[in-house]
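Colleague: Below you'll find data-v4.tsv; it's TSV, C-alpha atoms and all ligand atoms.
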chain	number	residue	atom	x	y	z
A	89	MET	CA	36.59	1.83	9.92
A	90	ARG	CA	33.33	2.00	11.86
A	91	VAL	CA	30.35	3.64	10.21
A	92	LYS	CA	27.34	4.45	12.38
A	93	VAL	CA	24.03	5.64	10.95
A	94	LEU	CA	22.66	8.06	13.54
A	95	GLY	CA	19.80	9.26	11.36
A	96	SER	CA	18.32	7.95	8.10
A	97	ALA	CA	15.39	10.24	7.20
A	98	ALA	CA	15.30	13.20	4.83
A	99	GLY	CA	14.61	16.74	6.07
A	100	GLY	CA	11.69	16.80	8.51
A	101	GLY	CA	12.44	13.30	9.81
A	102	PHE	CA	9.87	10.52	10.05
A	103	PRO	CA	7.12	11.01	10.96
A	104	GLN	CA	7.10	14.64	9.89
A	105	TRP	CA	5.30	16.98	12.31
A	106	ASN	CA	2.99	18.58	9.72
A	107	CYS	CA	2.34	15.62	7.40
A	108	ALA	CA	-0.62	13.24	7.18
A	109	CYS	CA	0.56	11.11	4.24
A	110	PRO	CA	-0.18	7.34	4.45
A	111	ASN	CA	3.23	6.73	6.10
A	112	CYS	CA	2.98	9.48	8.73
A	113	SER	CA	-0.69	8.68	9.50
A	114	GLY	CA	0.03	4.95	9.49
A	115	PHE	CA	2.81	5.45	12.01
A	116	ARG	CA	0.64	7.57	14.31
A	117	ASP	CA	-2.20	5.00	14.12
A	118	GLY	CA	0.22	2.15	14.75
A	119	LYS	CA	-1.44	0.19	11.95
A	120	VAL	CA	1.49	0.02	9.52
A	121	LYS	CA	4.93	-1.52	10.07
A	122	LEU	CA	7.21	1.53	10.04
A	123	ARG	CA	10.18	2.70	12.11
A	124	PRO	CA	10.59	6.32	13.24
A	125	ARG	CA	13.71	7.93	11.83
A	126	THR	CA	15.68	11.05	12.69
A	127	GLN	CA	17.23	13.26	10.01
A	128	ALA	CA	20.19	11.87	8.06
A	129	GLN	CA	23.42	11.76	10.04
A	130	VAL	CA	26.49	9.51	9.99
A	131	ALA	CA	29.49	9.20	12.33
A	132	ILE	CA	32.71	7.37	11.41
A	133	SER	CA	35.79	6.36	13.38
A	134	SER	CA	38.93	4.30	13.21
A	135	ASP	CA	39.84	4.88	16.86
A	136	PRO	CA	37.42	5.22	19.80
A	137	SER	CA	38.90	8.55	20.89
A	138	HIS	CA	38.06	10.35	17.61
A	139	TRP	CA	34.76	10.45	15.78
A	140	PHE	CA	34.07	12.33	12.56
A	141	LEU	CA	30.54	13.54	11.81
A	142	LEU	CA	29.32	13.54	8.23
A	143	ASN	CA	27.08	16.62	8.18
A	144	ALA	CA	25.40	18.10	11.24
A	145	SER	CA	21.69	17.30	11.22
A	146	PRO	CA	18.95	19.30	12.96
A	147	ASP	CA	18.55	16.25	15.27
A	148	LEU	CA	22.24	16.10	16.18
A	149	ARG	CA	21.91	16.69	19.93
A	150	GLN	CA	19.54	13.76	20.48
A	151	GLN	CA	21.57	11.62	18.05
A	152	ILE	CA	24.79	12.18	20.03
A	153	LEU	CA	23.05	11.47	23.33
A	154	ALA	CA	21.68	8.19	21.93
A	155	VAL	CA	25.13	6.76	21.17
A	156	PRO	CA	27.40	5.90	24.14
A	157	GLU	CA	30.56	5.96	21.98
A	158	LEU	CA	29.97	9.66	21.30
A	159	SER	CA	29.74	10.77	24.93
A	160	VAL	CA	32.40	12.55	26.94
A	161	THR	CA	34.71	10.03	28.62
A	162	SER	CA	35.65	10.39	32.28
A	163	SER	CA	39.30	9.66	31.45
A	164	THR	CA	39.76	12.47	28.91
A	165	LEU	CA	36.89	14.77	30.00
A	166	ARG	CA	36.47	15.57	26.31
A	167	SER	CA	33.98	14.72	23.63
A	168	PRO	CA	35.42	12.29	21.07
A	169	ILE	CA	33.79	14.39	18.33
A	170	SER	CA	36.55	16.35	16.68
A	171	THR	CA	35.66	16.94	13.08
A	172	ILE	CA	32.64	17.58	10.86
A	173	LEU	CA	32.55	17.16	7.10
A	174	LEU	CA	29.76	18.92	5.19
A	175	THR	CA	28.28	17.74	1.88
A	176	SER	CA	26.34	20.95	1.18
A	177	ALA	CA	24.99	24.10	2.85
A	178	ASP	CA	21.45	22.66	3.02
A	179	VAL	CA	19.72	23.40	6.31
A	180	ASP	CA	19.51	19.64	6.99
A	181	CYS	CA	23.30	19.34	6.66
A	182	VAL	CA	24.39	22.36	8.71
A	183	MET	CA	21.73	23.21	11.31
A	184	GLY	CA	23.26	20.79	13.82
A	185	LEU	CA	26.45	22.88	13.92
A	186	LEU	CA	24.50	25.11	16.30
A	187	HIS	CA	24.12	22.14	18.66
A	188	LEU	CA	27.94	21.98	18.80
A	189	ARG	CA	28.35	25.58	19.93
A	190	GLU	CA	29.29	24.84	23.56
A	191	PHE	CA	32.87	26.12	23.36
A	192	HIS	CA	34.22	22.91	21.81
A	193	PRO	CA	37.16	23.28	19.39
A	194	LEU	CA	36.24	21.72	16.06
A	195	HIS	CA	37.53	21.17	12.58
A	196	ILE	CA	34.94	21.70	9.84
A	197	TYR	CA	35.70	20.52	6.32
A	198	SER	CA	33.64	21.81	3.39
A	199	THR	CA	34.03	23.29	-0.05
A	200	LEU	CA	35.05	26.95	-0.02
A	201	SER	CA	31.59	27.98	-1.31
A	202	VAL	CA	29.75	26.19	1.52
A	203	ARG	CA	32.07	27.76	4.06
A	204	ARG	CA	31.49	31.24	2.62
A	205	ILE	CA	27.69	30.75	2.69
A	206	LEU	CA	27.84	29.88	6.38
A	207	THR	CA	30.43	32.40	7.51
A	208	GLU	CA	29.65	35.42	5.31
A	209	GLU	CA	25.86	35.36	4.93
A	210	ASN	CA	24.68	33.58	8.06
A	211	SER	CA	26.13	35.36	11.05
A	212	ILE	CA	24.47	32.96	13.54
A	213	PHE	CA	27.26	30.45	12.77
A	214	ARG	CA	29.80	32.90	14.21
A	215	VAL	CA	28.74	31.45	17.55
A	216	LEU	CA	31.21	28.64	16.75
A	217	THR	CA	34.15	31.01	16.95
A	218	ARG	CA	33.71	31.40	20.74
A	219	SER	CA	35.65	28.20	21.48
A	220	SER	CA	39.34	28.25	22.27
A	221	PRO	CA	40.89	27.59	19.86
A	222	PRO	CA	38.02	28.76	17.61
A	223	VAL	CA	36.52	26.45	15.00
A	224	ARG	CA	38.95	25.75	12.19
A	225	TRP	CA	37.56	25.62	8.67
A	226	GLU	CA	39.37	23.47	6.15
A	227	THR	CA	38.69	23.57	2.42
A	228	LEU	CA	37.88	20.32	0.67
A	229	PRO	CA	39.34	20.39	-2.85
A	230	LEU	CA	37.27	18.58	-5.49
A	231	ASP	CA	38.34	15.15	-6.74
A	232	ARG	CA	41.52	15.04	-4.69
A	233	LEU	CA	42.27	12.75	-1.76
A	234	ILE	CA	43.47	14.69	1.31
A	235	PRO	CA	44.37	13.55	4.85
A	236	LEU	CA	41.98	14.47	7.67
A	237	VAL	CA	43.60	15.78	10.82
A	238	PRO	CA	41.73	15.87	14.14
A	239	PRO	CA	42.33	19.27	15.85
A	240	SER	CA	43.44	17.89	19.21
A	241	SER	CA	46.11	15.56	17.91
A	242	SER	CA	48.69	18.28	17.29
A	243	GLY	CA	49.08	17.41	13.66
A	244	ALA	CA	49.20	13.63	14.01
A	245	LYS	CA	47.15	11.91	11.35
A	246	ASP	CA	44.82	9.12	12.32
A	247	GLY	CA	44.85	7.55	8.91
A	248	PHE	CA	41.66	8.91	7.38
A	249	PHE	CA	41.69	10.40	3.92
A	250	CYS	CA	38.80	12.09	2.16
A	251	LYS	CA	37.89	12.91	-1.41
A	252	ALA	CA	35.10	15.38	-2.27
A	253	VAL	CA	33.21	14.14	-5.33
A	254	PRO	CA	31.15	16.88	-7.09
A	255	LEU	CA	27.54	15.72	-7.57
A	256	LEU	CA	26.38	18.73	-9.63
A	257	GLY	CA	23.46	19.73	-7.42
A	258	GLY	CA	22.35	23.30	-6.72
A	259	PHE	CA	22.93	25.73	-3.88
A	260	PRO	CA	20.11	26.02	-1.30
A	261	ASP	CA	17.23	28.43	-2.01
A	262	TYR	CA	18.12	30.58	0.99
A	263	VAL	CA	21.47	31.68	-0.49
A	264	SER	CA	21.34	35.12	-2.13
A	265	ASP	CA	21.63	35.25	-5.92
A	266	SER	CA	24.66	37.53	-5.71
A	267	LEU	CA	26.62	35.11	-3.55
A	268	LYS	CA	25.43	32.07	-5.52
A	269	GLY	CA	26.47	33.68	-8.78
A	270	SER	CA	30.04	34.10	-7.57
A	271	PHE	CA	30.55	30.41	-6.73
A	272	PRO	CA	31.66	27.47	-8.90
A	273	PRO	CA	28.44	25.40	-9.20
A	274	GLU	CA	30.30	22.11	-8.70
A	275	GLU	CA	31.02	23.17	-5.08
A	276	ALA	CA	27.31	23.17	-4.14
A	277	VAL	CA	26.78	19.46	-3.40
A	278	ILE	CA	29.46	16.84	-2.94
A	279	GLY	CA	29.67	13.18	-2.03
A	280	LEU	CA	32.36	12.15	0.46
A	281	GLN	CA	34.64	9.23	-0.17
A	282	LEU	CA	36.33	8.31	3.14
A	283	VAL	CA	39.38	6.11	2.91
A	284	HIS	CA	41.08	4.27	5.77
A	285	LYS	CA	43.84	1.79	4.93
A	286	GLU	CA	42.38	-0.45	2.23
A	287	LYS	CA	38.73	0.40	2.91
A	288	ARG	CA	36.57	2.98	1.18
A	289	PHE	CA	33.17	4.36	2.16
A	290	PHE	CA	31.10	6.67	-0.02
A	291	TYR	CA	28.46	8.96	1.51
A	292	GLY	CA	26.00	10.72	-0.80
A	293	PRO	CA	22.71	11.56	0.93
A	294	SER	CA	21.74	13.93	-1.93
A	295	VAL	CA	22.56	12.64	-5.39
A	296	PRO	CA	21.03	14.49	-8.36
A	297	GLY	CA	22.25	11.69	-10.65
A	298	LEU	CA	24.03	13.98	-13.12
A	299	GLY	CA	27.37	13.08	-14.67
A	300	GLU	CA	29.07	9.71	-14.22
A	301	GLY	CA	31.95	10.42	-11.79
A	302	TRP	CA	29.91	9.63	-8.68
A	303	GLN	CA	29.07	6.13	-9.96
A	304	ARG	CA	32.78	5.37	-10.33
A	305	SER	CA	33.34	6.48	-6.73
A	306	VAL	CA	30.50	4.19	-5.59
A	307	ASP	CA	31.92	1.26	-7.57
A	308	GLU	CA	35.37	1.57	-6.02
A	309	SER	CA	33.95	1.71	-2.47
A	310	ASP	CA	33.27	-1.17	-0.07
A	311	LEU	CA	30.18	0.57	1.28
A	312	ALA	CA	27.97	3.30	-0.19
A	313	LEU	CA	25.15	5.14	1.60
A	314	LEU	CA	23.18	6.83	-1.13
A	315	ASP	CA	20.19	9.07	-1.73
A	316	GLY	CA	16.90	7.22	-1.15
A	317	THR	CA	14.82	10.35	-0.63
A	318	PHE	CA	12.02	9.59	-3.08
A	319	TRP	CA	10.58	6.48	-4.68
A	320	LYS	CA	9.12	8.29	-7.71
A	321	ASP	CA	10.03	11.50	-9.49
A	322	ASP	CA	6.53	13.01	-8.96
A	323	GLU	CA	6.12	11.72	-5.41
A	324	LEU	CA	5.61	15.11	-3.73
A	325	ILE	CA	3.33	16.35	-6.52
A	326	ALA	CA	1.10	13.26	-6.10
A	327	ALA	CA	1.12	13.78	-2.32
A	328	LYS	CA	0.17	17.47	-2.91
A	329	ARG	CA	3.18	18.57	-0.86
A	330	SER	CA	5.13	20.37	-3.61
A	331	ARG	CA	5.02	21.27	-7.28
A	332	ARG	CA	8.59	20.14	-7.80
A	333	THR	CA	9.79	16.75	-8.94
A	334	ALA	CA	12.44	14.77	-7.08
A	335	ARG	CA	14.96	15.64	-9.81
A	336	ASP	CA	14.01	19.35	-9.55
A	337	MET	CA	14.99	19.12	-5.90
A	338	GLY	CA	18.34	17.45	-6.63
A	339	HIS	CA	17.34	13.87	-5.80
A	340	LEU	CA	17.54	10.96	-8.20
A	341	PRO	CA	14.39	8.90	-7.50
A	342	LEU	CA	14.80	5.20	-6.69
A	343	TRP	CA	12.30	3.90	-9.23
A	344	GLY	CA	11.78	4.55	-12.93
A	345	GLU	CA	13.95	4.92	-15.98
A	346	ARG	CA	17.54	5.72	-14.93
A	347	GLY	CA	16.44	5.79	-11.29
A	348	MET	CA	18.91	4.84	-8.55
A	349	LEU	CA	17.89	1.16	-8.51
A	350	LYS	CA	18.34	0.91	-12.30
A	351	ARG	CA	21.83	2.41	-12.42
A	352	PRO	CA	24.46	-0.02	-13.72
A	353	PHE	CA	26.62	-0.27	-10.62
A	354	ARG	CA	29.39	-2.84	-10.71
A	355	LEU	CA	28.07	-5.87	-8.88
A	356	GLY	CA	29.92	-7.68	-6.16
A	357	LYS	CA	32.23	-5.40	-4.24
A	358	THR	CA	30.05	-2.56	-2.96
A	359	LYS	CA	27.42	-2.91	-0.24
A	360	ARG	CA	24.77	-0.39	-1.34
A	361	VAL	CA	22.39	1.16	1.17
A	362	ILE	CA	19.72	3.84	0.70
A	363	THR	CA	19.41	6.59	3.29
A	364	HIS	CA	17.95	10.13	3.60
A	365	ILE	CA	14.48	8.60	3.10
A	366	ASN	CA	11.59	11.08	2.86
A	367	ASN	CA	8.47	10.57	4.99
A	368	THR	CA	6.36	10.10	1.82
A	369	ASN	CA	8.55	7.28	0.43
A	370	PRO	CA	6.57	3.99	0.38
A	371	VAL	CA	9.85	2.13	1.02
A	372	LEU	CA	9.44	3.08	4.71
A	373	ASN	CA	6.46	0.71	4.96
A	374	GLU	CA	8.16	-2.62	5.63
A	375	ASP	CA	5.21	-4.57	4.19
A	376	SER	CA	5.10	-2.60	0.92
A	377	PRO	CA	6.02	-3.93	-2.54
A	378	GLU	CA	8.43	-0.97	-2.85
A	379	HIS	CA	10.30	-2.03	0.30
A	380	ARG	CA	10.55	-5.53	-1.12
A	381	ALA	CA	11.68	-4.23	-4.53
A	382	VAL	CA	14.62	-2.37	-2.96
A	383	ARG	CA	15.75	-5.51	-1.13
A	384	GLU	CA	15.29	-7.67	-4.23
A	385	ALA	CA	17.44	-5.22	-6.21
A	386	GLY	CA	20.28	-6.01	-3.80
A	387	TRP	CA	20.12	-2.85	-1.69
A	388	GLU	CA	19.77	-2.41	2.05
A	389	ILE	CA	17.58	0.24	3.69
A	390	ALA	CA	19.24	2.38	6.38
A	391	TYR	CA	17.66	2.80	9.81
A	392	ASP	CA	18.76	4.75	12.88
A	393	GLY	CA	21.32	2.66	14.77
A	394	MET	CA	22.53	0.69	11.72
A	395	GLU	CA	26.27	0.06	11.88
A	396	PHE	CA	29.00	-1.20	9.57
A	397	ASN	CA	32.53	-2.38	10.29
A	398	LEU	CA	34.86	-2.16	7.32
B	401	ZN	ZN	4.26	12.10	5.71
Would you write the structure of this file as structure tokens?
Ligand SMILES: [Zn+2]

Modeller:
Amino acid sequence: MRVKVLGSAAGGGFPQWNCACPNCSGFRDGKVKLRPRTQAQVAISSDPSHWFLLNASPDLRQQILAVPELSVTSSTLRSPISTILLTSADVDCVMGLLHLREFHPLHIYSTLSVRRILTEENSIFRVLTRSSPPVRWETLPLDRLIPLVPPSSSGAKDGFFCKAVPLLGGFPDYVSDSLKGSFPPEEAVIGLQLVHKEKRFFYGPSVPGLGEGWQRSVDESDLALLDGTFWKDDELIAAKRSRRTARDMGHLPLWGERGMLKRPFRLGKTKRVITHINNTNPVLNEDSPEHRAVREAGWEIAYDGMEFNL
């Protein structure tokens, strides 16, 4: 299984257009060691002719163009992108679907609630139905491993299986209360466990840190890309960018009591990597003590272009 990190920043990317925090200013001044990052996006494959996208970021068009493996091949005249799996209905996870609207048949896997938010309340996504055949939505059941089938392979499986792990986050603010109230809350935010032969990869760019099931899924995986949005719970309050804590926004902070770095993951098997890093997170500064603390805790820090072969 190949896992490519196409984007590693939280919503807004890094630097963020309207932010003058020490990271964003330091990047613009060129005085601090920081890499630019596009918004979180991952692509996986077990065969060069089929790539699966995990979410569809607002930066998806430029992310696809930056990766030669994702371009249309002259032999098939088709894009190798066949399937998208969504972890939530957050704008940062779904906006890129609009970049894929150019009459390309696609499979989209999500929970039933996420699908209903996009298809019933947000008519702009109906643009995807113009392709022939039109986009095919598939429901991801919770906590059950199912085979993924690329649409163009006439039913042949390419060996990928997926399990949706409920992470107990909330539905996005933009969803109406009436629709929200009719949905099972555990369908709002999921982690994806992708399985190919003996290898397992867990993707959880937004982890509220509630319940214990997600930690088991991380522990049984060979690679886990996990929520590294914020360093501290009050990071945005201190930066005067919000009145909400990291946990209020559905993100377990890295540092502090029961933070991501303190969680008792089983040591040894799983390569653990933080991604979905917010522009205010001091971890982005490669000379910072926080950056060093993440590395010393045994974690890696995702960057655009990072790749894993499992
Ligand atoms: Zn900033």

Colleague: Provide the CA of Cys250 in chain A to CA of Gly95 in chain A distance in Å, to one decimal place.

Modeller: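 It comes out at 21.3 Å.
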
Colleague: Grab all the atoms of range 261-271 of chain A that the file lists, wrap them in a box along x, y and z, add 6 Å per side, and give me centre plus edge lengths in Å (one decimal) as JSON.

Modeller:
{"center_x": 23.9, "center_y": 33.0, "center_z": -3.9, "size_x": 25.3, "size_y": 21.1, "size_z": 21.8}

Colleague: Smallest atom-to-atom distance to Ala144 in chain A: which of A:Ile132, A:Ser170, A:Glu157, A:Leu186, using only C-alpha atoms?

Modeller: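 Comparing A:Ile132, A:Ser170, A:Glu157, A:Leu186 against Ala144 in chain A, the winner is A:Leu186.
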
Colleague: Residues contacting ligand ZN 401 (chain B) - anything with an atom at most 6 Å away, using only C-alpha atoms and all ligand atoms - can you give me those as a ChimeraX atom specification?

Modeller: /A:104,107-109,111-112,367-368

Colleague: Write the selection just made, keeping C-alpha atoms, as a PDB file, in the frame of the given file?

Modeller:
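To be explicit, this is the file written out as selection.pdb:
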ATOM      1  CA  GLN A 104       7.100  14.640   9.890  1.00  0.00           C
ATOM      2  CA  CYS A 107       2.340  15.620   7.400  1.00  0.00           C
ATOM      3  CA  ALA A 108      -0.620  13.240   7.180  1.00  0.00           C
ATOM      4  CA  CYS A 109       0.560  11.110   4.240  1.00  0.00           C
ATOM      5  CA  ASN A 111       3.230   6.730   6.100  1.00  0.00           C
ATOM      6  CA  CYS A 112       2.980   9.480   8.730  1.00  0.00           C
ATOM      7  CA  ASN A 367       8.470  10.570   4.990  1.00  0.00           C
ATOM      8  CA  THR A 368       6.360  10.100   1.820  1.00  0.00           C
TER       9      THR A 368
END

Colleague: One number please: CA of Phe140 in chain A to CA of Leu173 in chain A, in Å, one decimal.

Modeller: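 Distance reported for this atom pair: 7.4 Å.
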
Colleague: Complete range 226-237 of chain A with all heavy atoms (output as a short mmCIF file (atom, residue, chain, number, x, y, z; two decimals), in the coordinates of the input).

Modeller:
data_model
loop_
_atom_site.label_atom_id
_atom_site.label_comp_id
_atom_site.auth_asym_id
_atom_site.auth_seq_id
_atom_site.Cartn_x
_atom_site.Cartn_y
_atom_site.Cartn_z
N GLU A 226 38.42 24.01 7.11
CA GLU A 226 39.37 23.47 6.15
C GLU A 226 38.65 23.32 4.82
O GLU A 226 37.50 22.86 4.78
CB GLU A 226 39.87 22.08 6.58
CG GLU A 226 40.49 22.04 7.96
CD GLU A 226 41.93 22.53 7.96
OE1 GLU A 226 42.49 22.76 6.86
OE2 GLU A 226 42.48 22.71 9.07
N THR A 227 39.31 23.67 3.74
CA THR A 227 38.69 23.57 2.42
C THR A 227 38.89 22.19 1.83
O THR A 227 40.01 21.69 1.80
CB THR A 227 39.28 24.64 1.48
OG1 THR A 227 39.04 25.92 2.06
CG2 THR A 227 38.63 24.59 0.10
N LEU A 228 37.78 21.61 1.38
CA LEU A 228 37.88 20.32 0.67
C LEU A 228 38.06 20.62 -0.82
O LEU A 228 37.16 21.18 -1.45
CB LEU A 228 36.59 19.52 0.85
CG LEU A 228 36.37 18.78 2.16
CD1 LEU A 228 34.95 18.20 2.20
CD2 LEU A 228 37.39 17.65 2.34
N PRO A 229 39.20 20.24 -1.39
CA PRO A 229 39.34 20.39 -2.85
C PRO A 229 38.49 19.32 -3.54
O PRO A 229 38.19 18.29 -2.93
CB PRO A 229 40.83 20.14 -3.07
CG PRO A 229 41.25 19.26 -1.92
CD PRO A 229 40.35 19.58 -0.77
N LEU A 230 38.09 19.57 -4.78
CA LEU A 230 37.27 18.58 -5.49
C LEU A 230 38.16 17.52 -6.12
O LEU A 230 39.24 17.83 -6.65
CB LEU A 230 36.43 19.27 -6.56
CG LEU A 230 35.42 20.31 -6.03
CD1 LEU A 230 34.67 20.96 -7.20
CD2 LEU A 230 34.43 19.68 -5.06
N ASP A 231 37.69 16.27 -6.04
CA ASP A 231 38.34 15.15 -6.74
C ASP A 231 39.79 14.90 -6.34
O ASP A 231 40.58 14.41 -7.15
CB ASP A 231 38.27 15.37 -8.27
CG ASP A 231 36.88 15.09 -8.81
OD1 ASP A 231 36.23 14.15 -8.33
OD2 ASP A 231 36.44 15.84 -9.72
N ARG A 232 40.15 15.29 -5.13
CA ARG A 232 41.52 15.04 -4.69
C ARG A 232 41.49 14.48 -3.27
O ARG A 232 40.81 15.02 -2.40
CB ARG A 232 42.34 16.34 -4.74
CG ARG A 232 43.81 16.14 -4.49
CD ARG A 232 44.63 17.24 -5.17
NE ARG A 232 44.33 18.58 -4.67
CZ ARG A 232 44.83 19.08 -3.55
NH1 ARG A 232 45.64 18.37 -2.79
NH2 ARG A 232 44.53 20.30 -3.16
N LEU A 233 42.23 13.40 -3.07
CA LEU A 233 42.27 12.75 -1.76
C LEU A 233 43.18 13.55 -0.83
O LEU A 233 44.34 13.80 -1.15
CB LEU A 233 42.82 11.33 -1.95
CG LEU A 233 42.44 10.26 -0.93
CD1 LEU A 233 40.93 10.08 -0.84
CD2 LEU A 233 43.10 8.93 -1.32
N ILE A 234 42.64 13.95 0.34
CA ILE A 234 43.47 14.69 1.31
C ILE A 234 43.39 14.01 2.68
O ILE A 234 42.39 13.37 3.00
CB ILE A 234 43.03 16.16 1.45
CG1 ILE A 234 41.57 16.25 1.93
CG2 ILE A 234 43.20 16.91 0.15
CD1 ILE A 234 41.24 17.56 2.59
N PRO A 235 44.43 14.12 3.50
CA PRO A 235 44.37 13.55 4.85
C PRO A 235 43.51 14.40 5.76
O PRO A 235 43.51 15.62 5.65
CB PRO A 235 45.84 13.56 5.29
CG PRO A 235 46.50 14.61 4.48
CD PRO A 235 45.73 14.74 3.19
N LEU A 236 42.76 13.75 6.67
CA LEU A 236 41.98 14.47 7.67
C LEU A 236 42.76 14.49 8.97
O LEU A 236 43.30 13.47 9.39
CB LEU A 236 40.64 13.77 7.91
CG LEU A 236 39.72 13.66 6.69
CD1 LEU A 236 38.44 12.91 7.07
CD2 LEU A 236 39.38 15.03 6.13
N VAL A 237 42.81 15.64 9.60
CA VAL A 237 43.60 15.78 10.82
C VAL A 237 42.70 16.23 11.96
O VAL A 237 42.14 17.32 11.91
CB VAL A 237 44.72 16.84 10.61
CG1 VAL A 237 45.61 16.88 11.83
CG2 VAL A 237 45.51 16.54 9.36
#
